[in-house]
$ cat start37.cif   # mmCIF, C-alpha atoms and all ligand atoms
data_entry
#
loop_
_atom_site.label_atom_id
_atom_site.label_comp_id
_atom_site.auth_asym_id
_atom_site.auth_seq_id
_atom_site.Cartn_x
_atom_site.Cartn_y
_atom_site.Cartn_z
CA MET A 1 17.23 78.18 -30.07
CA THR A 2 14.17 80.30 -30.63
CA ASP A 3 13.30 81.25 -27.05
CA PRO A 4 15.89 83.34 -25.17
CA MET A 5 14.80 81.69 -21.89
CA LEU A 6 15.79 78.20 -23.06
CA GLN A 7 19.39 78.53 -21.92
CA GLN A 8 18.22 79.36 -18.39
CA ILE A 9 15.64 76.58 -18.35
CA ILE A 10 17.71 73.65 -19.61
CA PRO A 11 19.72 73.22 -16.35
CA HIS A 12 16.48 72.78 -14.39
CA PHE A 13 15.61 69.69 -16.39
CA PHE A 14 18.80 68.36 -18.00
CA VAL A 15 22.48 67.94 -17.19
CA PRO A 16 24.20 71.00 -18.66
CA GLY A 17 26.39 70.18 -21.63
CA GLN A 18 24.52 66.95 -22.37
CA VAL A 19 21.90 68.32 -24.75
CA LEU A 20 22.61 66.86 -28.18
CA GLU A 21 19.74 68.44 -30.04
CA LEU A 22 16.82 70.78 -29.35
CA LYS A 23 14.15 71.47 -31.96
CA PRO A 24 10.56 72.78 -32.13
CA PHE A 25 7.99 70.00 -32.08
CA GLY A 26 4.26 69.48 -32.79
CA THR A 27 1.39 71.53 -34.14
CA GLY A 28 -0.21 73.21 -31.08
CA HIS A 29 -1.60 76.71 -31.54
CA ILE A 30 -0.81 77.98 -28.03
CA ASN A 31 2.20 76.55 -26.16
CA ASP A 32 5.82 76.23 -27.32
CA THR A 33 6.96 72.63 -27.55
CA TYR A 34 10.48 71.29 -28.11
CA LEU A 35 12.02 67.88 -28.54
CA VAL A 36 15.24 67.61 -26.56
CA THR A 37 17.70 64.81 -27.28
CA VAL A 38 20.18 63.80 -24.57
CA PRO A 39 22.41 60.70 -24.33
CA ASP A 40 19.77 58.61 -22.53
CA GLY A 41 16.96 59.40 -24.99
CA ALA A 42 14.60 62.22 -25.92
CA TYR A 43 12.10 64.31 -23.94
CA ILE A 44 9.41 66.86 -24.61
CA LEU A 45 10.11 70.27 -23.09
CA GLN A 46 7.16 72.60 -23.07
CA LYS A 47 6.61 76.23 -22.19
CA VAL A 48 3.05 77.01 -21.18
CA ASN A 49 1.65 80.20 -22.70
CA LYS A 50 1.20 82.48 -19.71
CA ALA A 51 -0.90 84.96 -21.70
CA VAL A 52 -3.46 82.21 -22.22
CA PHE A 53 -3.37 80.09 -19.08
CA ASP A 54 -3.65 81.07 -15.45
CA THR A 55 -0.27 79.60 -14.55
CA PRO A 56 -0.81 79.09 -10.78
CA ALA A 57 -4.14 77.36 -11.51
CA LEU A 58 -2.50 75.14 -14.10
CA VAL A 59 0.40 74.20 -11.79
CA HIS A 60 -2.13 73.37 -9.06
CA ASN A 61 -4.27 71.22 -11.39
CA TYR A 62 -1.37 69.23 -12.82
CA SER A 63 -0.07 68.38 -9.43
CA LEU A 64 -3.48 67.02 -8.32
CA LEU A 65 -4.02 65.26 -11.61
CA ASN A 66 -0.62 63.60 -11.76
CA GLN A 67 -0.95 62.18 -8.27
CA SER A 68 -4.25 60.58 -9.22
CA VAL A 69 -2.98 59.43 -12.62
CA GLU A 70 -0.14 57.56 -10.91
CA VAL A 71 -2.50 55.73 -8.55
CA TYR A 72 -4.99 54.92 -11.33
CA GLN A 73 -2.30 53.62 -13.69
CA LYS A 74 -0.88 51.40 -10.98
CA GLU A 75 -4.31 50.00 -10.10
CA LYS A 76 -5.45 49.42 -13.67
CA GLY A 77 -2.08 48.45 -15.12
CA VAL A 78 -2.62 50.66 -18.17
CA PRO A 79 -1.10 54.06 -18.87
CA LEU A 80 -3.40 57.05 -19.31
CA THR A 81 -0.95 59.74 -20.28
CA PRO A 82 2.83 60.14 -20.84
CA GLN A 83 4.73 60.64 -17.62
CA MET A 84 5.67 64.11 -16.45
CA LEU A 85 9.15 64.25 -14.94
CA LYS A 86 9.77 66.28 -11.83
CA THR A 87 12.38 69.00 -11.43
CA PRO A 88 15.21 68.38 -8.91
CA GLY A 89 13.03 70.43 -6.52
CA GLY A 90 10.29 67.79 -6.79
CA GLN A 91 7.88 69.94 -8.83
CA TYR A 92 6.10 69.12 -12.09
CA HIS A 93 6.69 72.63 -13.42
CA PHE A 94 9.51 75.09 -13.16
CA VAL A 95 8.21 78.65 -13.20
CA ASP A 96 10.76 81.07 -14.68
CA ASP A 97 11.32 84.62 -13.47
CA LYS A 98 8.92 85.93 -16.13
CA GLY A 99 6.14 83.75 -14.73
CA SER A 100 6.05 81.08 -17.46
CA ALA A 101 5.73 77.44 -16.45
CA TRP A 102 7.99 74.85 -18.10
CA ARG A 103 7.73 71.08 -17.95
CA LYS A 104 9.53 67.95 -19.08
CA VAL A 105 7.49 65.04 -20.36
CA GLU A 106 8.35 61.51 -21.39
CA PHE A 107 8.72 61.25 -25.18
CA LEU A 108 7.23 58.06 -26.53
CA ALA A 109 9.57 57.29 -29.41
CA GLY A 110 7.88 55.81 -32.44
CA SER A 111 4.45 56.95 -31.31
CA LYS A 112 1.95 58.31 -33.79
CA SER A 113 -0.80 60.89 -33.69
CA TYR A 114 -3.19 61.94 -36.42
CA ASP A 115 -4.41 65.38 -37.43
CA ILE A 116 -6.78 63.56 -39.78
CA THR A 117 -7.38 59.90 -40.43
CA ALA A 118 -9.10 57.90 -43.16
CA ASP A 119 -9.21 54.88 -40.84
CA THR A 120 -12.40 54.55 -38.78
CA SER A 121 -10.70 52.15 -36.37
CA ILE A 122 -8.41 55.02 -35.34
CA SER A 123 -11.41 57.29 -34.75
CA PHE A 124 -12.95 54.51 -32.67
CA ALA A 125 -9.78 53.89 -30.63
CA ALA A 126 -9.11 57.59 -29.99
CA ALA A 127 -12.70 58.19 -28.86
CA GLU A 128 -12.59 55.11 -26.64
CA ALA A 129 -9.40 56.49 -25.04
CA TYR A 130 -11.18 59.77 -24.29
CA GLY A 131 -14.09 57.76 -22.88
CA LYS A 132 -11.77 55.83 -20.56
CA PHE A 133 -10.06 59.05 -19.58
CA GLN A 134 -13.48 60.44 -18.66
CA LEU A 135 -14.09 57.38 -16.48
CA PHE A 136 -10.90 58.29 -14.67
CA LEU A 137 -11.88 61.97 -14.41
CA ASN A 138 -15.23 60.90 -12.95
CA THR A 139 -13.37 59.48 -9.95
CA LEU A 140 -11.97 62.95 -9.09
CA ASP A 141 -13.62 65.89 -7.40
CA ALA A 142 -14.14 68.61 -10.02
CA GLU A 143 -14.44 71.23 -7.26
CA GLU A 144 -10.81 70.75 -6.29
CA PHE A 145 -9.65 71.89 -9.72
CA GLN A 146 -9.35 75.48 -10.84
CA ASP A 147 -10.22 77.01 -14.20
CA THR A 148 -6.95 77.41 -16.09
CA ILE A 149 -8.85 79.70 -18.47
CA PRO A 150 -11.92 81.37 -16.98
CA GLN A 151 -15.14 80.72 -18.94
CA PHE A 152 -13.24 78.66 -21.49
CA HIS A 153 -15.97 76.56 -23.09
CA HIS A 154 -18.74 79.05 -22.57
CA PRO A 155 -20.53 80.05 -25.77
CA ALA A 156 -22.32 83.04 -24.17
CA ASN A 157 -18.99 84.45 -22.99
CA ARG A 158 -17.46 83.81 -26.42
CA MET A 159 -20.39 85.68 -27.96
CA LYS A 160 -19.70 88.67 -25.72
CA GLN A 161 -16.02 88.63 -26.69
CA TYR A 162 -17.00 88.39 -30.34
CA GLU A 163 -19.36 91.38 -30.02
CA LEU A 164 -16.51 93.39 -28.50
CA SER A 165 -14.24 92.45 -31.38
CA LEU A 166 -16.89 93.73 -33.83
CA LEU A 167 -16.84 97.08 -32.05
CA ASN A 168 -13.08 97.36 -32.01
CA THR A 169 -12.02 96.12 -35.43
CA SER A 170 -11.39 98.00 -38.68
CA VAL A 171 -13.86 98.60 -41.51
CA ASP A 172 -11.56 96.65 -43.79
CA LEU A 173 -11.67 93.49 -41.66
CA LEU A 174 -15.43 93.85 -41.18
CA GLN A 175 -15.82 93.83 -44.94
CA LYS A 176 -13.52 90.88 -45.45
CA ALA A 177 -15.39 88.88 -42.82
CA ALA A 178 -18.90 89.92 -43.89
CA PRO A 179 -20.09 86.41 -44.95
CA GLU A 180 -18.86 84.89 -41.67
CA ILE A 181 -20.45 87.68 -39.62
CA GLU A 182 -23.70 86.82 -41.38
CA GLN A 183 -23.27 83.14 -40.44
CA VAL A 184 -22.80 84.08 -36.79
CA LYS A 185 -26.19 85.83 -36.87
CA LYS A 186 -27.93 83.05 -38.72
CA LEU A 187 -26.73 80.33 -36.37
CA ARG A 188 -27.12 82.31 -33.14
CA PRO A 189 -29.93 79.96 -31.98
CA VAL A 190 -27.24 77.32 -31.34
CA GLU A 191 -25.64 79.59 -28.74
CA ARG A 192 -29.03 80.43 -27.21
CA GLU A 193 -30.00 76.78 -26.90
CA ILE A 194 -26.78 75.66 -25.22
CA THR A 195 -26.80 78.69 -22.92
CA ARG A 196 -30.34 77.87 -21.82
CA LEU A 197 -29.28 74.31 -21.06
CA LEU A 198 -26.12 75.37 -19.19
CA ASN A 199 -28.07 77.92 -17.16
CA SER A 200 -30.75 75.38 -16.27
CA GLU A 201 -28.09 73.54 -14.23
CA LYS A 202 -29.54 70.21 -15.31
CA LEU A 203 -26.19 69.09 -16.68
CA PRO A 204 -23.88 67.39 -14.19
CA ARG A 205 -20.59 69.25 -13.76
CA ARG A 206 -17.78 66.86 -14.50
CA LEU A 207 -14.07 67.25 -14.65
CA SER A 208 -13.50 67.41 -18.41
CA HIS A 209 -10.53 67.28 -20.80
CA TYR A 210 -11.76 70.24 -22.88
CA ASP A 211 -9.42 69.86 -25.85
CA THR A 212 -10.41 66.47 -27.27
CA LYS A 213 -8.89 66.89 -30.71
CA LEU A 214 -7.96 63.76 -32.61
CA ASN A 215 -4.28 64.68 -32.39
CA ASN A 216 -4.39 64.88 -28.59
CA ILE A 217 -4.40 61.08 -28.54
CA ILE A 218 -1.09 59.47 -29.32
CA PHE A 219 -0.65 55.79 -30.05
CA HIS A 220 2.42 54.01 -28.78
CA GLU A 221 3.05 50.28 -29.06
CA GLY A 222 -0.64 49.74 -29.74
CA ARG A 223 -1.80 51.78 -26.73
CA PRO A 224 -3.51 55.17 -26.73
CA TYR A 225 -2.28 57.97 -24.45
CA VAL A 226 -4.21 61.17 -23.75
CA ILE A 227 -2.11 64.32 -23.97
CA ASP A 228 -2.57 68.07 -23.47
CA LEU A 229 -4.17 68.25 -20.05
CA ASP A 230 -3.84 72.05 -19.74
CA THR A 231 -7.56 72.62 -20.03
CA VAL A 232 -8.74 69.88 -17.66
CA MET A 233 -11.35 71.70 -15.57
CA SER A 234 -14.87 71.43 -14.30
CA GLY A 235 -17.28 71.27 -17.23
CA THR A 236 -19.54 69.05 -19.26
CA VAL A 237 -18.97 65.97 -21.44
CA LEU A 238 -21.08 67.59 -24.17
CA PHE A 239 -18.16 69.77 -25.21
CA ASP A 240 -15.68 66.89 -25.13
CA PHE A 241 -17.96 64.80 -27.32
CA GLY A 242 -18.47 67.87 -29.52
CA ASP A 243 -14.77 68.58 -30.02
CA MET A 244 -14.33 65.00 -31.18
CA VAL A 245 -17.09 65.46 -33.73
CA ARG A 246 -15.39 68.68 -34.79
CA THR A 247 -11.97 67.18 -35.34
CA PHE A 248 -12.67 63.54 -36.29
CA THR A 249 -15.39 63.81 -38.91
CA SER A 250 -13.94 66.09 -41.58
CA PRO A 251 -11.27 64.68 -43.90
CA ALA A 252 -9.87 68.20 -44.36
CA ALA A 253 -7.62 70.23 -42.07
CA GLU A 254 -9.12 72.87 -39.78
CA ASP A 255 -7.42 75.45 -42.03
CA GLU A 256 -8.20 73.90 -45.43
CA PRO A 257 -8.82 76.82 -47.83
CA ASP A 258 -10.86 74.73 -50.29
CA ILE A 259 -14.21 74.75 -48.53
CA GLU A 260 -15.57 71.86 -50.63
CA LYS A 261 -13.14 69.55 -48.86
CA THR A 262 -14.73 70.06 -45.43
CA ILE A 263 -17.44 67.45 -45.22
CA PHE A 264 -19.05 65.35 -42.49
CA ARG A 265 -18.09 61.68 -42.65
CA MET A 266 -20.90 59.70 -41.08
CA GLU A 267 -18.77 56.57 -40.73
CA HIS A 268 -16.26 58.44 -38.56
CA PHE A 269 -19.08 59.93 -36.54
CA GLU A 270 -20.44 56.45 -35.95
CA ALA A 271 -16.98 55.12 -35.01
CA LEU A 272 -16.29 57.88 -32.50
CA THR A 273 -19.76 57.64 -31.00
CA LYS A 274 -19.34 53.88 -30.54
CA GLY A 275 -15.86 54.34 -29.08
CA TYR A 276 -16.80 57.09 -26.62
CA LEU A 277 -20.25 55.99 -25.55
CA GLY A 278 -19.27 52.32 -25.54
CA VAL A 279 -17.35 52.95 -22.32
CA LEU A 280 -19.33 55.88 -20.96
CA LYS A 281 -23.00 55.43 -21.71
CA ASP A 282 -23.90 53.84 -18.38
CA GLU A 283 -22.33 56.81 -16.58
CA LEU A 284 -24.18 59.52 -18.46
CA THR A 285 -27.47 61.06 -17.38
CA ASP A 286 -30.47 61.29 -19.72
CA ILE A 287 -29.94 65.03 -20.14
CA GLU A 288 -26.39 64.42 -21.29
CA LYS A 289 -27.47 61.68 -23.68
CA GLN A 290 -30.23 63.84 -25.17
CA ASN A 291 -27.92 66.76 -25.86
CA LEU A 292 -24.88 65.20 -27.51
CA LEU A 293 -25.69 66.63 -30.92
CA LEU A 294 -26.28 70.05 -29.37
CA GLY A 295 -22.85 69.76 -27.70
CA ALA A 296 -21.26 69.17 -31.11
CA LYS A 297 -23.02 72.10 -32.74
CA ALA A 298 -22.26 74.38 -29.78
CA ILE A 299 -18.54 73.66 -29.68
CA ILE A 300 -18.17 74.11 -33.43
CA TYR A 301 -20.12 77.36 -33.30
CA GLU A 302 -18.00 78.50 -30.34
CA GLN A 303 -14.83 77.62 -32.22
CA ALA A 304 -16.03 79.63 -35.25
CA LEU A 305 -16.63 82.61 -32.93
CA ARG A 306 -13.20 82.23 -31.39
CA PHE A 307 -11.38 82.13 -34.75
CA LEU A 308 -13.43 85.02 -36.10
CA SER A 309 -12.90 87.16 -33.00
CA ASP A 310 -9.17 86.55 -33.18
CA TYR A 311 -9.17 87.55 -36.85
CA LEU A 312 -11.04 90.76 -36.07
CA ASN A 313 -8.77 91.47 -33.10
CA GLY A 314 -5.62 91.27 -35.23
CA ASN A 315 -4.64 87.64 -34.48
CA THR A 316 -3.38 87.92 -30.93
CA TYR A 317 -4.41 84.46 -29.66
CA TYR A 318 -3.83 81.64 -32.15
CA LYS A 319 -0.57 81.18 -33.97
CA ILE A 320 -1.06 82.09 -37.63
CA ALA A 321 0.97 81.52 -40.78
CA TYR A 322 -0.69 84.23 -42.92
CA PRO A 323 -3.11 87.13 -42.26
CA GLU A 324 -6.34 85.35 -43.28
CA HIS A 325 -5.51 82.14 -41.40
CA ASN A 326 -8.10 82.59 -38.66
CA LEU A 327 -10.78 83.57 -41.19
CA ILE A 328 -10.13 80.37 -43.16
CA ARG A 329 -10.32 78.39 -39.91
CA CYS A 330 -13.62 80.06 -39.09
CA ARG A 331 -15.00 79.19 -42.53
CA THR A 332 -14.33 75.47 -42.14
CA GLN A 333 -16.24 75.52 -38.84
CA PHE A 334 -19.31 77.01 -40.50
CA LYS A 335 -19.06 74.55 -43.38
CA LEU A 336 -18.97 71.66 -40.92
CA LEU A 337 -22.04 73.05 -39.15
CA ALA A 338 -23.88 73.20 -42.47
CA GLU A 339 -22.90 69.59 -43.19
CA ILE A 340 -24.11 68.50 -39.76
CA ALA A 341 -27.43 70.29 -40.31
CA LYS A 342 -27.94 68.29 -43.51
CA SER A 343 -27.42 64.99 -41.67
CA LYS A 344 -29.06 65.77 -38.34
CA TRP A 345 -31.70 62.98 -38.50
CA GLN A 346 -29.15 60.37 -39.36
CA ILE A 347 -26.84 61.68 -36.60
CA THR A 348 -29.65 61.46 -34.06
CA GLU A 349 -30.37 57.91 -35.19
CA VAL A 350 -26.72 56.86 -34.85
CA ILE A 351 -26.58 58.28 -31.31
CA HIS A 352 -29.83 56.53 -30.42
CA ASN A 353 -28.63 53.20 -31.85
CA VAL A 354 -25.33 53.35 -29.99
CA LEU A 355 -27.05 54.25 -26.72
CA THR A 356 -29.45 51.32 -27.02
CA LEU A 357 -26.89 48.74 -28.16
C1 LIG B 1 -6.03 75.38 -29.31
O1 LIG B 1 -3.08 74.66 -29.02
P1 LIG B 1 -4.04 73.58 -29.28
O2 LIG B 1 -4.02 73.20 -30.74
O3 LIG B 1 -3.89 72.41 -28.37
C2 LIG B 1 -7.12 75.78 -28.32
C3 LIG B 1 -8.31 74.86 -28.44
C4 LIG B 1 -8.83 74.91 -29.85
C5 LIG B 1 -7.72 74.57 -30.82
C6 LIG B 1 -8.17 74.74 -32.25
C7 LIG B 1 -6.09 76.61 -24.81
O4 LIG B 1 -5.53 74.12 -28.98
O5 LIG B 1 -9.33 75.27 -27.55
O6 LIG B 1 -9.90 74.02 -30.01
O7 LIG B 1 -6.56 75.39 -30.62
N1 LIG B 1 -6.59 75.71 -26.96
C8 LIG B 1 -6.70 76.76 -26.13
O8 LIG B 1 -7.37 73.97 -33.08
O9 LIG B 1 -7.28 77.80 -26.45
MG MG B 2 -4.50 72.18 -26.42
#
$ encode --input "start37.cif" --output "structure tokens" --more "lines below"
Ligand code: GN1
Ligand code: MG
Amino acid sequence: MTDPMLQQIIPHFFVPGQVLELKPFGTGHINDTYLVTVPDGAYILQKVNKAVFDTPALVHNYSLLNQSVEVYQKEKGVPLTPQMLKTPGGQYHFVDDKGSAWRKVEFLAGSKSYDITADTSISFAAAEAYGKFQLFLNTLDAEEFQDTIPQFHHPANRMKQYELSLLNTSVDLLQKAAPEIEQVKKLRPVEREITRLLNSEKLPRRLSHYDTKLNNIIFHEGRPYVIDLDTVMSGTVLFDFGDMVRTFTSPAAEDEPDIEKTIFRMEHFEALTKGYLGVLKDELTDIEKQNLLLGAKAIIYEQALRFLSDYLNGNTYYKIAYPEHNLIRCRTQFKLLAEIAKSKWQITEVIHNVLTL
């Protein structure tokens, strides 16, 4: 047992003495996730990172979301997300005396998720699942939800945080990150352009998933399920589309040290665009449709800023395995942006073709 709180938490979700096995699970950078085996099967037990998330906001959002998920699933006859199991007190989370929220979630045995895939039909299916999830989110009132992380997808705010990290870091780290700091300057127009658009208030605010990585879709018995709803909040579909581009199109891991391996695979871009827009295009406004590529560039740029800031701040946010981990992650983001810049006309054409299908 890695977390000293686990012993206190187990009785809130399981019959004491019946836990057969408990082990760390998954690849998330923020929360702690465990797989717990008991005689009647296995469950996911998760501790939400209270340093990252506003726990009361998150508890509030999940309770609203789960009620609506249940109704939607019953009506449509298809599952959207694995089921969260309530505590004996009838709550979706148990908040421990240190203020951390814990939850128990159905474990779909035999399910599969992909950090990377070579198969375009998986990119298509995962993007389609996010599109259908967005259709569901569109039925909810974004105003009723709270921000679990204030100014989360907000490139101007991320720029401010980055500038602070430049002021507060060491000379040594500034030197090590010099090429990336140069990239931030060079690509700053991306942040300016998205900020102008966000400030214009022409984009509809929609309840958004806000962490649409490929591995946040799991496939079970041929069906996709959307997971990781911690960041569901009021936002824009541009960033959800963008995070798919970020995580579906490169055949290399986010932390691949060999920069040559990070490339942009047009066929995966086409598959995800068809999957996502196939279900959503009639719901989107012209402004949204015209700015999908900008959304992709903005979220990748924002992610580069976030990794770089964390590196300069001494790695306090993302889990790391070695000191340069966040710098390597930042580098792959800039490489992907360079790849996208090379293909921008073709990307625009693919989006246009899918929208006019
Ligand atoms: C974090 O923990 P995980 O892998 O679900 C982060 C995302 C980043 C991602 C980068 C709350 O997500 O925003 O895109 O790492 N989540 C939060 O891999 O900051
Ligand atoms: Mg996440």
$ residues_near_ligand --input "start37.cif" --ligand "ligand LIG 1 (chain B)" --cutoff "10 Å" --atoms "all atoms listed in the file" --output "ChimeraX atom specification"
/A:26-32,48-49,52-53,148-149,152-153,210-213,215-216,227-231,243,246-247,253-255,299-300,302-304,306-307,317-319,329
$ closest_atom_pairs --input "start37.cif" --of "region 296-352 of chain A" --to "region 185-209 of chain A" --cutoff "9 Å" --atoms "only C-alpha atoms" --output "CSV"
residue,atom,partner,partner_atom,distance
A:Lys297,CA,A:Val190,CA,6.9
A:Ala298,CA,A:Val190,CA,6.0
A:Tyr301,CA,A:Val190,CA,7.4
A:Glu302,CA,A:Glu191,CA,7.9
$ closest_residue --input "start37.cif" --among "A:Leu85, A:Leu140, A:Ile351, A:Val226" --to "ligand MG 2 (chain B)" --atoms "all atoms listed in the file"
A:Val226
$ residues_around --input "start37.cif" --residues "Lys335 (chain A)" --least-positions-apart "6" --cutoff "8 Å" --atoms "only C-alpha atoms" --output "ChimeraX atom specification"
/A:259,262-263
$ closest_residue --input "start37.cif" --among "A:Ala321, A:Leu214, A:Leu20, A:Ile347" --to "Glu270 (chain A)" --atoms "all atoms listed in the file"
A:Ile347
$ closest_residue --input "start37.cif" --among "A:Ile217, A:Leu173, A:Leu6, A:Val69" --to "ligand MG 2 (chain B)" --atoms "only C-alpha atoms and all ligand atoms"
A:Ile217
$ atom_distance --input "start37.cif" --atom1 "CA of Met244 (chain A)" --atom2 "CA of Leu280 (chain A)"
14.6 Å
$ residues_near_point --input "start37.cif" --point "(-8.4, 58.4, -9.8)" --cutoff "9 Å" --atoms "all atoms listed in the file" --output "list in words"
Leu65, Gln67, Ser68, Val69, Glu70, Val71, Tyr72, Gln73, Leu135, Phe136, Leu137, Asn138, Thr139 and Leu140 of chain A
$ residues_around --input "start37.cif" --residues "Pro88 (chain A)" --least-positions-apart "2" --cutoff "10 Å" --atoms "only C-alpha atoms" --output "PyMOL selection string"
chain A and resi 11-14+85-86+90-92+94
$ atom_distance --input "start37.cif" --atom1 "CA of Leu355 (chain A)" --atom2 "CA of Gly278 (chain A)"
8.1 Å
$ decode --input "start37.cif" --residues "region 25-100 of chain A" --atoms "C-alpha atoms" --output "compact mmCIF listing (two decimals), in the first residue's frame"
# COMPACT_ATOMS: atom_id res chain seq x y z
CA PHE A 25 -3.27 1.21 -12.01
CA GLY A 26 -3.10 3.35 -15.18
CA THR A 27 -0.92 6.12 -16.53
CA GLY A 28 -2.55 9.39 -15.33
CA HIS A 29 -0.24 12.26 -14.43
CA ILE A 30 -2.39 13.72 -11.65
CA ASN A 31 -4.64 11.39 -9.61
CA ASP A 32 -3.74 8.16 -7.81
CA THR A 33 -5.55 5.15 -9.23
CA TYR A 34 -5.73 1.61 -7.84
CA LEU A 35 -7.24 -1.64 -8.97
CA VAL A 36 -8.93 -3.41 -6.06
CA THR A 37 -9.83 -7.08 -6.32
CA VAL A 38 -12.56 -8.47 -4.04
CA PRO A 39 -14.43 -11.80 -4.22
CA ASP A 40 -17.18 -10.43 -6.49
CA GLY A 41 -14.80 -8.85 -9.01
CA ALA A 42 -12.52 -5.84 -9.39
CA TYR A 43 -13.06 -2.08 -9.03
CA ILE A 44 -11.15 1.11 -9.66
CA LEU A 45 -10.46 3.14 -6.53
CA GLN A 46 -9.26 6.64 -7.19
CA LYS A 47 -7.95 9.47 -5.07
CA VAL A 48 -8.46 12.89 -6.62
CA ASN A 49 -5.45 15.18 -6.37
CA LYS A 50 -6.65 17.95 -4.06
CA ALA A 51 -3.67 20.18 -4.89
CA VAL A 52 -4.88 20.24 -8.50
CA PHE A 53 -8.67 20.10 -8.33
CA ASP A 54 -11.11 22.22 -6.39
CA THR A 55 -12.57 19.24 -4.54
CA PRO A 56 -15.99 20.73 -3.59
CA ALA A 57 -16.48 21.87 -7.22
CA LEU A 58 -15.54 18.44 -8.50
CA VAL A 59 -17.87 16.64 -6.07
CA HIS A 60 -20.68 18.99 -7.12
CA ASN A 61 -20.05 18.44 -10.85
CA TYR A 62 -19.89 14.65 -10.64
CA SER A 63 -23.13 14.47 -8.79
CA LEU A 64 -24.92 16.56 -11.45
CA LEU A 65 -23.22 14.71 -14.26
CA ASN A 66 -23.92 11.22 -12.96
CA GLN A 67 -27.61 11.93 -12.52
CA SER A 68 -27.84 13.04 -16.15
CA VAL A 69 -25.65 10.20 -17.40
CA GLU A 70 -28.01 7.68 -15.81
CA VAL A 71 -31.07 9.21 -17.49
CA TYR A 72 -29.32 9.51 -20.87
CA GLN A 73 -28.02 5.94 -20.80
CA LYS A 74 -31.46 4.61 -19.97
CA GLU A 75 -33.09 6.61 -22.76
CA LYS A 76 -30.51 5.79 -25.42
CA GLY A 77 -29.75 2.25 -24.29
CA VAL A 78 -26.01 2.80 -24.67
CA PRO A 79 -23.46 3.41 -21.93
CA LEU A 80 -21.48 6.66 -21.96
CA THR A 81 -19.08 6.08 -19.11
CA PRO A 82 -18.27 3.37 -16.52
CA GLN A 83 -20.58 3.47 -13.54
CA MET A 84 -19.56 5.23 -10.35
CA LEU A 85 -20.61 3.35 -7.23
CA LYS A 86 -22.00 5.22 -4.28
CA THR A 87 -20.72 5.05 -0.72
CA PRO A 88 -23.05 3.57 1.94
CA GLY A 89 -23.94 7.23 2.67
CA GLY A 90 -25.29 7.58 -0.88
CA GLN A 91 -22.47 9.83 -2.15
CA TYR A 92 -20.32 9.43 -5.25
CA HIS A 93 -17.21 10.56 -3.36
CA PHE A 94 -15.94 10.04 0.13
CA VAL A 95 -13.94 13.04 1.31
CA ASP A 96 -11.27 12.04 3.84
CA ASP A 97 -10.25 14.15 6.83
CA LYS A 98 -7.39 15.67 4.81
CA GLY A 99 -9.87 16.94 2.22
CA SER A 100 -9.13 14.44 -0.57
